[in-house]
file work.txt (compact mmCIF, C-alpha atoms)
# COMPACT_ATOMS: atom_id res chain seq x y z
CA MET U 1 98.92 45.29 70.02
CA SER U 2 102.56 44.46 70.73
CA SER U 3 103.62 42.09 73.53
CA ALA U 4 107.30 43.13 73.37
CA HIS U 5 108.96 44.26 76.60
CA PRO U 6 111.66 46.93 77.11
CA SER U 7 115.34 46.08 77.29
CA GLU U 8 117.80 47.29 79.91
CA SER U 9 119.00 49.83 77.34
CA ASP U 10 115.45 51.21 77.07
CA TYR U 11 115.32 51.71 80.83
CA GLU U 12 118.67 53.49 80.77
CA ILE U 13 117.66 55.81 77.92
CA THR U 14 114.38 56.59 79.68
CA ARG U 15 116.26 57.49 82.88
CA ASP U 16 118.46 59.86 80.87
CA LEU U 17 115.35 61.31 79.23
CA GLU U 18 113.73 61.98 82.60
CA THR U 19 116.92 63.63 83.87
CA VAL U 20 116.86 66.05 80.93
CA MET U 21 113.15 66.71 81.49
CA HIS U 22 113.81 67.58 85.13
CA SER U 23 117.01 69.61 84.85
CA ALA U 24 117.28 71.13 81.39
CA LEU U 25 113.65 71.43 80.28
CA ASN U 26 112.05 72.16 83.67
CA LEU U 27 108.99 70.06 82.84
CA TYR U 28 108.24 69.14 86.46
CA GLU U 29 106.82 71.18 89.32
CA SER U 30 108.97 71.60 92.45
CA THR U 31 107.98 70.12 95.80
CA GLU U 32 107.22 73.60 97.09
CA GLY U 33 105.15 74.34 94.00
CA ASN U 34 103.10 71.18 94.44
CA GLN U 35 102.51 72.03 98.09
CA ASN U 36 101.27 75.47 97.08
CA ARG U 37 98.89 73.93 94.51
CA THR U 38 97.50 71.60 97.16
CA TYR U 39 96.97 74.59 99.46
CA VAL U 40 95.23 76.57 96.71
CA LEU U 41 92.80 73.75 95.93
CA GLY U 42 92.04 73.30 99.64
CA ARG U 43 91.49 77.04 100.09
CA LEU U 44 89.23 77.13 97.05
CA GLN U 45 87.21 74.24 98.51
CA LYS U 46 86.66 76.18 101.74
CA LEU U 47 85.52 79.29 99.84
CA VAL U 48 83.06 77.23 97.79
CA ASP U 49 81.61 75.65 100.95
CA GLN U 50 81.32 79.08 102.60
CA TRP U 51 79.47 80.50 99.57
CA ILE U 52 77.09 77.51 99.30
CA GLN U 53 76.20 77.61 102.98
CA GLU U 54 75.57 81.36 102.86
CA ARG U 55 73.33 80.92 99.80
CA SER U 56 71.55 78.00 101.49
CA LYS U 57 70.67 80.26 104.44
CA ASP U 58 69.45 82.97 102.06
CA LYS U 59 67.19 80.42 100.36
CA GLY U 60 65.65 79.39 103.68
CA MET U 61 67.06 75.88 103.80
CA PRO U 62 66.61 74.12 107.19
CA GLU U 63 69.10 75.48 109.70
CA GLU U 64 70.00 71.99 110.96
CA ASN U 65 71.07 70.99 107.43
CA ILE U 66 73.20 74.01 106.55
CA GLY U 67 76.44 72.22 107.42
CA LYS U 68 75.57 69.45 104.96
CA TYR U 69 75.33 71.85 102.03
CA VAL U 70 78.77 71.86 100.46
CA GLY U 71 80.27 71.64 97.01
CA LYS U 72 83.25 69.79 95.67
CA ILE U 73 86.29 70.98 93.76
CA TYR U 74 87.67 68.59 91.16
CA SER U 75 90.84 69.08 89.14
CA PHE U 76 91.21 67.90 85.56
CA GLY U 77 93.52 68.45 82.60
CA SER U 78 97.30 68.36 83.02
CA TYR U 79 97.22 68.62 86.81
CA ARG U 80 94.86 65.68 87.20
CA LEU U 81 96.82 63.69 84.60
CA GLY U 82 100.00 64.32 86.59
CA VAL U 83 101.89 66.05 83.78
CA HIS U 84 101.83 69.69 84.94
CA ALA U 85 104.91 71.92 85.00
CA SER U 86 105.71 74.90 87.21
CA ASN U 87 104.03 77.30 84.78
CA SER U 88 100.92 75.17 84.18
CA ASP U 89 97.46 76.28 85.19
CA ILE U 90 94.99 74.09 87.08
CA ASP U 91 91.72 73.30 85.37
CA THR U 92 89.12 72.95 88.10
CA LEU U 93 85.45 72.10 88.36
CA CYS U 94 83.05 73.28 91.05
CA VAL U 95 80.17 70.83 91.60
CA VAL U 96 77.20 72.08 93.62
CA PRO U 97 73.81 70.77 94.83
CA ARG U 98 70.59 71.50 92.95
CA HIS U 99 69.51 74.62 94.88
CA ILE U 100 72.65 76.57 93.90
CA ASP U 101 72.50 78.15 90.43
CA ARG U 102 75.03 79.40 87.91
CA GLU U 103 73.90 83.01 88.32
CA SER U 104 75.00 82.91 91.96
CA PHE U 105 78.32 81.37 90.93
CA PHE U 106 79.08 84.32 88.70
CA LYS U 107 77.66 86.87 91.12
CA GLU U 108 77.92 86.08 94.84
CA PHE U 109 80.86 83.67 94.52
CA VAL U 110 82.78 86.13 92.34
CA GLU U 111 82.14 88.83 94.96
CA LEU U 112 83.53 86.49 97.63
CA LEU U 113 86.65 85.89 95.51
CA LYS U 114 87.09 89.67 95.12
CA THR U 115 87.42 89.95 98.90
CA THR U 116 90.02 87.16 99.06
CA PRO U 117 93.53 88.70 99.29
CA GLU U 118 95.21 85.72 97.58
CA VAL U 119 93.11 86.15 94.42
CA GLU U 120 94.32 88.38 91.59
CA GLU U 121 93.33 89.06 87.98
CA LEU U 122 89.81 87.74 88.49
CA VAL U 123 87.94 87.41 85.17
CA PRO U 124 84.47 85.80 85.02
CA VAL U 125 83.47 84.58 81.54
CA PRO U 126 79.82 83.47 81.92
CA ALA U 127 79.05 83.56 78.18
CA ALA U 128 81.82 81.13 77.15
CA TYR U 129 80.95 77.77 75.56
CA VAL U 130 82.09 76.31 78.87
CA PRO U 131 81.40 79.13 81.37
CA VAL U 132 84.47 79.78 83.50
CA ILE U 133 86.01 82.00 86.16
CA LYS U 134 89.67 82.75 85.48
CA MET U 135 91.96 83.92 88.25
CA ILE U 136 95.42 83.77 89.75
CA PHE U 137 95.17 82.26 93.23
CA LYS U 138 98.34 82.60 95.31
CA GLY U 139 100.44 82.61 92.15
CA VAL U 140 98.63 79.71 90.46
CA ASP U 141 96.55 80.22 87.31
CA ILE U 142 93.10 78.75 87.91
CA ASP U 143 90.29 78.08 85.42
CA LEU U 144 87.16 77.26 87.43
CA THR U 145 84.09 75.80 85.72
CA PHE U 146 80.70 75.04 87.25
CA ALA U 147 78.19 72.18 87.29
CA ARG U 148 74.93 71.94 89.19
CA LEU U 149 73.81 68.36 89.88
CA ALA U 150 70.26 67.18 90.45
CA CYS U 151 71.23 66.11 93.97
CA GLN U 152 70.18 67.49 97.33
CA TYR U 153 73.68 67.01 98.75
CA ILE U 154 77.21 66.67 97.36
CA ASP U 155 79.37 64.26 99.34
CA ASP U 156 82.08 61.61 98.98
CA ALA U 157 79.53 59.19 97.53
CA THR U 158 78.80 61.52 94.61
CA ASP U 159 80.21 59.81 91.51
CA ILE U 160 80.45 62.18 88.55
CA THR U 161 81.84 59.39 86.34
CA ASP U 162 78.45 57.64 86.46
CA ASP U 163 76.55 58.44 83.26
CA MET U 164 73.29 58.64 85.25
CA ILE U 165 74.61 61.80 86.93
CA LEU U 166 74.13 63.61 83.60
CA LYS U 167 70.38 63.03 83.58
CA ASN U 168 68.34 66.28 83.54
CA LEU U 169 71.42 68.53 83.59
CA ASP U 170 71.79 71.60 81.38
CA ASP U 171 74.29 71.56 78.52
CA GLU U 172 76.75 73.87 80.28
CA SER U 173 76.93 71.57 83.31
CA ILE U 174 77.42 68.51 81.11
CA ARG U 175 80.25 70.18 79.19
CA SER U 176 81.86 71.25 82.47
CA LEU U 177 81.61 67.75 83.95
CA ASN U 178 83.16 66.24 80.84
CA GLY U 179 86.53 67.82 81.66
CA ARG U 180 86.99 65.66 84.74
CA ARG U 181 85.14 62.64 83.32
CA VAL U 182 87.35 62.49 80.21
CA THR U 183 90.54 62.96 82.23
CA ASP U 184 89.65 60.11 84.58
CA LEU U 185 88.69 57.86 81.69
CA ILE U 186 92.05 58.42 79.98
CA LEU U 187 93.89 57.44 83.17
CA GLU U 188 91.67 54.38 83.51
CA LEU U 189 92.28 53.21 79.94
CA VAL U 190 96.09 53.50 79.71
CA PRO U 191 97.92 50.27 80.61
CA ASN U 192 100.70 52.00 82.57
CA GLN U 193 100.14 55.49 83.97
CA ASP U 194 103.81 56.15 84.72
CA THR U 195 105.04 55.51 81.17
CA PHE U 196 102.03 57.41 79.81
CA ARG U 197 102.91 60.47 81.90
CA VAL U 198 106.58 60.54 80.88
CA THR U 199 105.68 60.13 77.21
CA LEU U 200 102.95 62.77 77.34
CA ARG U 201 105.27 65.30 79.00
CA CYS U 202 107.71 64.87 76.12
CA ILE U 203 105.04 65.19 73.43
CA LYS U 204 103.54 68.28 75.07
CA CYS U 205 106.99 69.89 75.19
CA TRP U 206 107.64 69.01 71.54
CA ALA U 207 104.27 70.42 70.40
CA LYS U 208 104.59 73.64 72.39
CA ARG U 209 108.10 74.32 71.10
CA ARG U 210 106.82 73.99 67.55
CA GLY U 211 103.83 76.25 68.14
CA ILE U 212 101.23 73.56 67.42
CA TYR U 213 99.74 73.17 70.89
CA SER U 214 96.60 75.31 71.03
CA ASN U 215 92.89 74.71 70.64
CA ALA U 216 92.36 78.44 70.21
CA MET U 217 94.73 78.53 67.22
CA GLY U 218 93.14 75.52 65.53
CA TYR U 219 95.71 72.94 66.63
CA PHE U 220 95.31 70.03 69.03
CA GLY U 221 94.83 70.99 72.68
CA GLY U 222 95.85 69.14 75.81
CA VAL U 223 93.08 66.53 75.70
CA ALA U 224 93.72 65.63 72.06
CA TRP U 225 97.47 65.14 72.63
CA ALA U 226 96.71 63.05 75.74
CA ILE U 227 94.28 60.81 73.82
CA MET U 228 96.81 60.22 71.03
CA VAL U 229 99.58 59.35 73.47
CA ALA U 230 97.19 57.10 75.40
CA ARG U 231 96.28 55.24 72.20
CA VAL U 232 99.94 54.54 71.41
CA CYS U 233 100.39 53.33 74.99
CA GLN U 234 97.49 50.92 74.45
CA LEU U 235 99.05 49.57 71.25
CA PHE U 236 102.43 49.02 72.94
CA PRO U 237 101.47 48.41 76.60
CA HIS U 238 104.89 47.21 77.79
CA PHE U 239 107.12 49.71 75.97
CA ALA U 240 109.33 52.19 77.82
CA PRO U 241 108.80 55.90 77.12
CA ASN U 242 111.80 56.17 74.79
CA LYS U 243 110.25 53.61 72.45
CA LEU U 244 106.74 55.00 72.89
CA LEU U 245 107.98 58.36 71.62
CA GLU U 246 109.31 56.68 68.50
CA LYS U 247 106.08 54.75 67.99
CA PHE U 248 103.97 57.87 68.56
CA PHE U 249 105.33 59.56 65.44
CA LYS U 250 105.34 56.39 63.35
CA VAL U 251 101.77 55.41 64.22
CA LEU U 252 100.23 58.85 63.80
CA CYS U 253 102.22 59.58 60.65
CA MET U 254 100.54 56.54 59.07
CA TRP U 255 97.14 57.17 60.66
CA GLU U 256 94.22 57.20 58.24
CA TRP U 257 93.00 60.71 59.02
CA PRO U 258 90.23 61.83 59.57
CA LYS U 259 89.58 58.44 61.20
CA ALA U 260 89.01 59.11 64.91
CA VAL U 261 91.58 58.08 67.51
CA LEU U 262 89.53 56.08 70.02
CA LEU U 263 90.58 54.64 73.36
CA THR U 264 87.39 52.62 73.81
CA ASP U 265 84.17 51.86 71.97
CA ILE U 266 81.66 54.69 71.79
CA LYS U 267 78.60 53.91 73.93
call {"tool": "encode", "arguments": {"input": "work.txt", "output": "structure tokens"}}
result
Amino acid sequence: MSSAHPSESDYEITRDLETVMHSALNLYESTEGNQNRTYVLGRLQKLVDQWIQERSKDKGMPEENIGKYVGKIYSFGSYRLGVHASNSDIDTLCVVPRHIDRESFFKEFVELLKTTPEVEELVPVPAAYVPVIKMIFKGVDIDLTFARLACQYIDDATDITDDMILKNLDDESIRSLNGRRVTDLILELVPNQDTFRVTLRCIKCWAKRRGIYSNAMGYFGGVAWAIMVARVCQLFPHFAPNKLLEKFFKVLCMWEWPKAVLLTDIK
């Protein structure tokens, strides 16, 4: 781990880099775009709560408790990491209490989405390795996964980063939860989130322009690139993004593959 700090020249080069990322490369979302994304996530939350409360009534849950039965929408991936662009999708996770099942998610909730005017190109994929509902919601691409917890209620005290939350869950729910859990852990383990984000934006742009950014095509996906950038940030915790970019290629060029890139010890 290096203890070196950036020079004034590093700060200046990084400012120039960020200017290019904003103006020429369009790697940042606009203020209006971010406001729309916030609206979409809030609207999705309301639809989830509506569906859960309707299903709770159908299942004969106590009338006085119906208002307590809600779900929670979590974002993960590039949006949660803070490195999304105007054309990025939002990876989302729907967490529900124990009396709501996956079958209802892909049936009744999909039917509710079909009646929502803002939703287009709705495609449920229940048989995927991580079951997902794909849609365009008010112009934003959304991938929505599902996890049912062994809890009577979902509220602000529900901590999905706690390993105990995984107890007695099915494999699909665990895989779905891991999206948010891994994203939060990456943010927790990097020494400086701002420099991490600038560096990751650059690396993502570089990889996409060279056609090597795709899990489906056998290349690294978003999480893998984020982990590698995060590891370099850990090794050089005080470096500015311009120097982290240089170190990224040097470190990973000399990496002893297939040795794993780890941010923390495996529990």
call {"tool": "closest_residue", "arguments": {"input": "work.txt", "among": "U:Pro62, U:Lys72, U:Tyr28, U:Trp257", "to": "Asp155 in chain U", "atoms": "all atoms listed in the file"}}
result
U:Lys72
call {"tool": "closest_atom_pairs", "arguments": {"input": "work.txt", "of": "range 171-230 of chain U", "to": "range 101-114 of chain U", "cutoff": "12 Å", "atoms": "all atoms listed in the file", "output": "tab-separated table"}}
result
residue	atom	partner	partner_atom	distance
U:Glu172	CA	U:Arg102	CA	9.6
U:Ser173	CA	U:Arg102	CA	9.3
U:Ser176	CA	U:Arg102	CA	11.9
call {"tool": "residues_around", "arguments": {"input": "work.txt", "residues": "Thr145 in chain U", "least_positions_apart": "6", "cutoff": "12 Å", "atoms": "all atoms listed in the file", "output": "PyMOL selection string"}}
result
chain U and resi 72-76+90-96+102+105-106+124-135+172-180
call {"tool": "write_last_selection", "arguments": {"input": "work.txt", "atoms": "C-alpha atoms", "output": "PDB file, in the coordinates of the input"}}
result
ATOM      1  CA  LYS U  72      83.250  69.790  95.670  1.00  0.00           C
ATOM      2  CA  ILE U  73      86.290  70.980  93.760  1.00  0.00           C
ATOM      3  CA  TYR U  74      87.670  68.590  91.160  1.00  0.00           C
ATOM      4  CA  SER U  75      90.840  69.080  89.140  1.00  0.00           C
ATOM      5  CA  PHE U  76      91.210  67.900  85.560  1.00  0.00           C
ATOM      6  CA  ILE U  90      94.990  74.090  87.080  1.00  0.00           C
ATOM      7  CA  ASP U  91      91.720  73.300  85.370  1.00  0.00           C
ATOM      8  CA  THR U  92      89.120  72.950  88.100  1.00  0.00           C
ATOM      9  CA  LEU U  93      85.450  72.100  88.360  1.00  0.00           C
ATOM     10  CA  CYS U  94      83.050  73.280  91.050  1.00  0.00           C
ATOM     11  CA  VAL U  95      80.170  70.830  91.600  1.00  0.00           C
ATOM     12  CA  VAL U  96      77.200  72.080  93.620  1.00  0.00           C
ATOM     13  CA  ARG U 102      75.030  79.400  87.910  1.00  0.00           C
ATOM     14  CA  PHE U 105      78.320  81.370  90.930  1.00  0.00           C
ATOM     15  CA  PHE U 106      79.080  84.320  88.700  1.00  0.00           C
ATOM     16  CA  PRO U 124      84.470  85.800  85.020  1.00  0.00           C
ATOM     17  CA  VAL U 125      83.470  84.580  81.540  1.00  0.00           C
ATOM     18  CA  PRO U 126      79.820  83.470  81.920  1.00  0.00           C
ATOM     19  CA  ALA U 127      79.050  83.560  78.180  1.00  0.00           C
ATOM     20  CA  ALA U 128      81.820  81.130  77.150  1.00  0.00           C
ATOM     21  CA  TYR U 129      80.950  77.770  75.560  1.00  0.00           C
ATOM     22  CA  VAL U 130      82.090  76.310  78.870  1.00  0.00           C
ATOM     23  CA  PRO U 131      81.400  79.130  81.370  1.00  0.00           C
ATOM     24  CA  VAL U 132      84.470  79.780  83.500  1.00  0.00           C
ATOM     25  CA  ILE U 133      86.010  82.000  86.160  1.00  0.00           C
ATOM     26  CA  LYS U 134      89.670  82.750  85.480  1.00  0.00           C
ATOM     27  CA  MET U 135      91.960  83.920  88.250  1.00  0.00           C
ATOM     28  CA  GLU U 172      76.750  73.870  80.280  1.00  0.00           C
ATOM     29  CA  SER U 173      76.930  71.570  83.310  1.00  0.00           C
ATOM     30  CA  ILE U 174      77.420  68.510  81.110  1.00  0.00           C
ATOM     31  CA  ARG U 175      80.250  70.180  79.190  1.00  0.00           C
ATOM     32  CA  SER U 176      81.860  71.250  82.470  1.00  0.00           C
ATOM     33  CA  LEU U 177      81.610  67.750  83.950  1.00  0.00           C
ATOM     34  CA  ASN U 178      83.160  66.240  80.840  1.00  0.00           C
ATOM     35  CA  GLY U 179      86.530  67.820  81.660  1.00  0.00           C
ATOM     36  CA  ARG U 180      86.990  65.660  84.740  1.00  0.00           C
TER      37      ARG U 180
END
call {"tool": "closest_residue", "arguments": {"input": "work.txt", "among": "U:Ser56, U:Asn26, U:Ser3, U:Thr38", "to": "Tyr153 in chain U", "atoms": "only C-alpha atoms"}}
result
U:Ser56
call {"tool": "closest_residue", "arguments": {"input": "work.txt", "among": "U:Ile154, U:Val229, U:Ala85, U:Ala24", "to": "Ile52 in chain U", "atoms": "all atoms listed in the file"}}
result
U:Ile154
call {"tool": "atom_distance", "arguments": {"input": "work.txt", "atom1": "CA of Thr161 in chain U", "atom2": "CA of Arg181 in chain U"}}
result
5.5 Å
call {"tool": "residues_around", "arguments": {"input": "work.txt", "residues": "range 237-239 of chain U", "least_positions_apart": "5", "cutoff": "8 Å", "atoms": "only C-alpha atoms", "output": "compact mmCIF listing (two decimals) with C-alpha atoms, in the frame of the given file"}}
result
# COMPACT_ATOMS: atom_id res chain seq x y z
CA MET U 1 98.92 45.29 70.02
CA SER U 2 102.56 44.46 70.73
CA SER U 3 103.62 42.09 73.53
CA ALA U 4 107.30 43.13 73.37
CA HIS U 5 108.96 44.26 76.60
CA PRO U 6 111.66 46.93 77.11
CA PRO U 191 97.92 50.27 80.61
CA ASN U 192 100.70 52.00 82.57
CA LEU U 244 106.74 55.00 72.89
call {"tool": "atom_distance", "arguments": {"input": "work.txt", "atom1": "CA of Gly222 in chain U", "atom2": "CA of Val140 in chain U"}}
result
18.3 Å
call {"tool": "atom_distance", "arguments": {"input": "work.txt", "atom1": "CA of Pro97 in chain U", "atom2": "CA of Arg37 in chain U"}}
result
25.3 Å
call {"tool": "closest_residue", "arguments": {"input": "work.txt", "among": "U:Asp159, U:Gly71, U:Arg210, U:Ser86", "to": "Ser30 in chain U", "atoms": "only C-alpha atoms"}}
result
U:Ser86
call {"tool": "build_atoms", "arguments": {"input": "work.txt", "residues": "range 9-32 of chain U", "atoms": "N, CA, C and O atoms", "output": "short mmCIF file (atom, residue, chain, number, x, y, z; two decimals), in the frame of the given file"}}
result
data_model
loop_
_atom_site.label_atom_id
_atom_site.label_comp_id
_atom_site.auth_asym_id
_atom_site.auth_seq_id
_atom_site.Cartn_x
_atom_site.Cartn_y
_atom_site.Cartn_z
N SER U 9 118.61 48.60 78.03
CA SER U 9 119.00 49.83 77.34
C SER U 9 117.84 50.83 77.29
O SER U 9 118.05 52.04 77.45
N ASP U 10 116.63 50.33 77.08
CA ASP U 10 115.45 51.21 77.07
C ASP U 10 115.27 51.89 78.42
O ASP U 10 114.97 53.09 78.49
N TYR U 11 115.45 51.13 79.48
CA TYR U 11 115.32 51.71 80.83
C TYR U 11 116.38 52.79 81.05
O TYR U 11 116.10 53.85 81.63
N GLU U 12 117.58 52.53 80.58
CA GLU U 12 118.67 53.49 80.77
C GLU U 12 118.40 54.78 79.98
O GLU U 12 118.59 55.88 80.50
N ILE U 13 117.97 54.63 78.74
CA ILE U 13 117.66 55.81 77.92
C ILE U 13 116.52 56.60 78.52
O ILE U 13 116.54 57.85 78.54
N THR U 14 115.52 55.91 79.05
CA THR U 14 114.38 56.59 79.68
C THR U 14 114.83 57.35 80.91
O THR U 14 114.37 58.48 81.16
N ARG U 15 115.74 56.78 81.71
CA ARG U 15 116.26 57.49 82.88
C ARG U 15 116.99 58.76 82.45
O ARG U 15 116.84 59.82 83.08
N ASP U 16 117.77 58.67 81.38
CA ASP U 16 118.46 59.86 80.87
C ASP U 16 117.45 60.90 80.38
O ASP U 16 117.63 62.11 80.59
N LEU U 17 116.40 60.43 79.73
CA LEU U 17 115.35 61.31 79.23
C LEU U 17 114.69 62.07 80.38
O LEU U 17 114.50 63.29 80.32
N GLU U 18 114.37 61.34 81.45
CA GLU U 18 113.73 61.98 82.60
C GLU U 18 114.66 62.98 83.28
O GLU U 18 114.20 64.02 83.77
N THR U 19 115.96 62.69 83.29
CA THR U 19 116.92 63.63 83.87
C THR U 19 116.91 64.94 83.10
O THR U 19 116.90 66.04 83.68
N VAL U 20 116.91 64.85 81.78
CA VAL U 20 116.86 66.05 80.93
C VAL U 20 115.54 66.80 81.15
O VAL U 20 115.53 68.04 81.24
N MET U 21 114.45 66.07 81.28
CA MET U 21 113.15 66.71 81.49
C MET U 21 113.11 67.47 82.81
O MET U 21 112.50 68.53 82.92
N HIS U 22 113.77 66.93 83.82
CA HIS U 22 113.81 67.58 85.13
C HIS U 22 114.74 68.79 85.12
O HIS U 22 114.34 69.89 85.53
N SER U 23 115.97 68.60 84.67
CA SER U 23 117.01 69.61 84.85
C SER U 23 117.05 70.65 83.74
O SER U 23 117.03 71.86 84.00
N ALA U 24 117.10 70.21 82.51
CA ALA U 24 117.28 71.13 81.39
C ALA U 24 115.96 71.75 80.90
O ALA U 24 115.91 72.93 80.56
N LEU U 25 114.92 70.96 80.86
CA LEU U 25 113.65 71.43 80.28
C LEU U 25 112.66 71.95 81.32
O LEU U 25 111.67 72.58 80.96
N ASN U 26 112.92 71.66 82.59
CA ASN U 26 112.05 72.16 83.67
C ASN U 26 110.59 71.78 83.45
O ASN U 26 109.68 72.62 83.55
N LEU U 27 110.34 70.51 83.15
CA LEU U 27 108.99 70.06 82.84
C LEU U 27 108.24 69.53 84.07
O LEU U 27 107.12 69.06 83.94
N TYR U 28 108.87 69.63 85.24
CA TYR U 28 108.24 69.14 86.46
C TYR U 28 108.08 70.28 87.46
O TYR U 28 108.91 71.20 87.52
N GLU U 29 107.03 70.22 88.25
CA GLU U 29 106.82 71.18 89.32
C GLU U 29 107.71 70.82 90.51
O GLU U 29 108.01 69.65 90.75
N SER U 30 108.16 71.83 91.25
CA SER U 30 108.97 71.60 92.45
C SER U 30 108.09 71.09 93.59
O SER U 30 106.86 71.19 93.55
N THR U 31 108.73 70.58 94.62
CA THR U 31 107.98 70.12 95.80
C THR U 31 107.21 71.28 96.43
O THR U 31 106.03 71.15 96.79
N GLU U 32 107.87 72.43 96.52
CA GLU U 32 107.22 73.60 97.09
C GLU U 32 106.04 74.04 96.23
O GLU U 32 104.99 74.44 96.74
#
